[in-house]
Every structure is written in C-alpha cells, then in structure tokens.
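As structure tokens, the structure follows; a few thoughts come after it.
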Amino acid sequence: MNDVFINYRTGDGDKTAALIDQELSRRFGRKRIFRASKSIAPGHAYPEALLTGVRRSSVVLAVIGPDWTNFQARLRDPEDWVRKEILEAFNCAIPIVPVLDGRKTDRLNKVDLPGELARLADLQSIPFDTHDTEAGLKRLGDLVAELVPGLYDRDRDVASSPAPDSVRNSIGDVSGTAVQSRDFTGDVGGTVIKDSQGPVHTGQGNIYQNSRHVSGGRHVSGDGMTYVEGDHHGDIRHRFGGPDRHEDDDR
C-alpha cells in the first residue's frame with residue numbers, strides 16, 4: 001500500500017516532487033511513497049496504476065509550482081493527469097495537501113481554477129522554500145507522520161534509541177549523594193561504589209558477615225565470622241585461621 005501519493009506536473013514542480021519523494025522514501029520507506037516516474041515499472045499500463053495509486057493512498061501531496069495555474073488548458077482537459085489524480089482523490093475522500101513550491105508561489109485562488117478543482121483553493125497549504133530545502137523537507141515529513149500515524153518513522157525511531165554505551169537506571173528513596181561513573185575526580189559526599197563484585201551494604205545499621213554474630217558493644221573476629229557493631233570510622237580487619245580473640249570489650 002502506498003500511503004503518500006505525490007501529484008505534480010512535469011515542467012512545473014517535478015524537481016521538487018523528486019526531492020520530496022527522496023526524503024519521504026528515506027524516512028518512511030520507498031514502497032510507502034508513490035511518484036509516477038519511480039513507482040510505475042516500464043511496460044506497465046500507467047493509467048490504471050495512477051488511479052490505483054491514488055485510491056490506495058492515505059494522503060495526496062499536490063505540488064503546486066509558480067506556473068501551475070497558467071496551464072489553464074490542461075487543467076480543463078478531462079484527460080490531464082494532474083487534474084484526474086486530484087479529482088480521484090476528491091471522489092475517494094482522500095486528504096489533499098497543496099505544497100506551494102518556491103517563494104513566488106501564492107496560495108491558489110478559486111477564480112484561477114476550473115469549477116471542478118475550485119475546492120482545492122479552500123485547502124490549507126504548506127509552503128516549500130527551495131532556498132531551505134532541508135527545513136522544508138523536515139516540516140513536510142513531520143506533517144506526513146502526523147497525518148498517517150501508522151507509518152514507520154525512521155527519524156523518530158533513531159531519536160528514541162539510546163546512544164552507544166549509554167546507561168539507563170532508576171534510583172528510589174535516596175538520601176544524600178549518589179554517584180555513578182566509570183572514573184571520577186574530586187571530593188564526593190556520600191557513598192561511592194566502583195567495580196563491586198557481590199553484595200554491598202551502604203545503608204545505616206550494623207553489618208554482619210558469614211555465620212554467627214556476637215553482640216554486646218564489642219568487635220569479635222575469628223574463623224568464619226566478622227561482626228562490626230555501631231558506627232565505624234577507620235579500618236575493618238578480617239582474621240581467619242586463628243583462635244577467637246576479643247577486643248574492645250566495653251563491659
């Protein structure tokens with residue numbers, strides 16, 4: 001299915017139509033954008049392909065060049081394909097967005113249009129400044145993304161993807177300073193943990209390691225057990241393989 005149909009007249013807006021096709025194809029996918037000279041393969045019957053392309057589209061971009069209304073004879077010709085594509089979109093209730101190609105292109109006026117196309121002048125148009133094609137293409141692409149929300153938008157997907165080596169995390173109930181970094185310099189208040197292997201306790205309260213513990217306001221170390229009670233400032237030493245030793249007995 002072609003979600004976007006580009007309507008244009010050769011010799012008046014065809015170059016802008018090609019630019020629009022190239023950008024929208026990059027952003028939404030080549031098969032999602034219909035432009036006659038690209039989308040109809042050699043040897044295929046173009047009349048039916050054009051009308052089918054319009055019927056299968058979700059929006060028609062009508063590229064209006066500075067001389068568009070000067071082709072009065074063609075606009076009144078029932079066999080003119082610019083006219084036929086627009087009328088087919090009207091008949092199928094498909095939205096049409098006039099794209100005003102260049103600074104010298106004014107909004108359409110009903111008096112310059114045949115009666116069958118007069119309603120085209122009532123449609124809100126979008127200017128396309130050929131002196132700033134990047135901004136114009138971006139604006140047009142954003143409009144298409146809004147009008148056809150089911151399209152896969154490559155730009156939106158890239159914008160939402162995390163950068164390489166980025167980290168996402170969440171921290172709840174933090175009081176004080178939390179630091180996450182590969183390397184850091186300067187003074188850091190609070191707790192810093194780097195290259196930890198295994199559980200780390202950073203909260204308040206006593207710390208028990210391994211099997212049993214002994215309380216009573218003292219530090220006891222021995223085989224298979226280390227207990228540190230209360231606030232600690234300084235070194236914590238572990239001793240294994242020797243007889244139990246009691247230190248700092250406050251009793």
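Letters A, B, ... go to the chains of the structure tokens in the order shown; residues in each chain start at 1; ligands are counted from 1 in the same order.
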key: Within 10 Å of Thr105 (chain A) using only C-alpha atoms, minus same-chain residues under 6 positions, as a VMD selection string   = chain A and resid 64 to 68 99 127 to 129
key: Spatial neighbours of Ala145 (chain A), 12 Å, only C-alpha atoms, chain gap at least 2 places, as a PyMOL selection string   = chain A and resi 3-4+24+27-28+32+58-59+138-143+147-156
query = Residues at most 9 Å from Ala89 (chain A), counting only C-alpha atoms, excluding those fewer than 2 positions away in the same chain, as a PyMOL selection string?
reply = chain A and resi 51+54-55+57+59-60+84-87+91-96
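Excluding region 37-45 of chain A itself and same-chain residues fewer than 3 positions from it, the residues having an atom within 10 Å of it are Asn2, Asp14, Ala18, Asp21, Arg30, Lys31, Ile33, Phe34, Glu48, Ala49, Leu50 and Gly53 of chain A, counting only C-alpha atoms.
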message = Could you check the closest approach to Phe5 (chain A) for each of A:Glu116, A:Arg26, A:Ala62, A:Pro78 and tell me which residue wins, using only C-alpha atoms?
response =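 Smallest separation from Phe5 (chain A) among the options: A:Ala62.
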Point-to-point distance in Å for CA of Arg107 (chain A) and CA of Ser125 (chain A) =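 That distance, rounded to one decimal, is 7.3 Å.
Those residues of region 64-134 of chain A that DSSP, working from the backbone, places in strand (DSSP E or B) are A:Ile64, A:Ile96, A:Val97, A:Pro98, A:Val99, A:Leu100, A:Asp101, A:Ile126, A:Pro127, A:Phe128.
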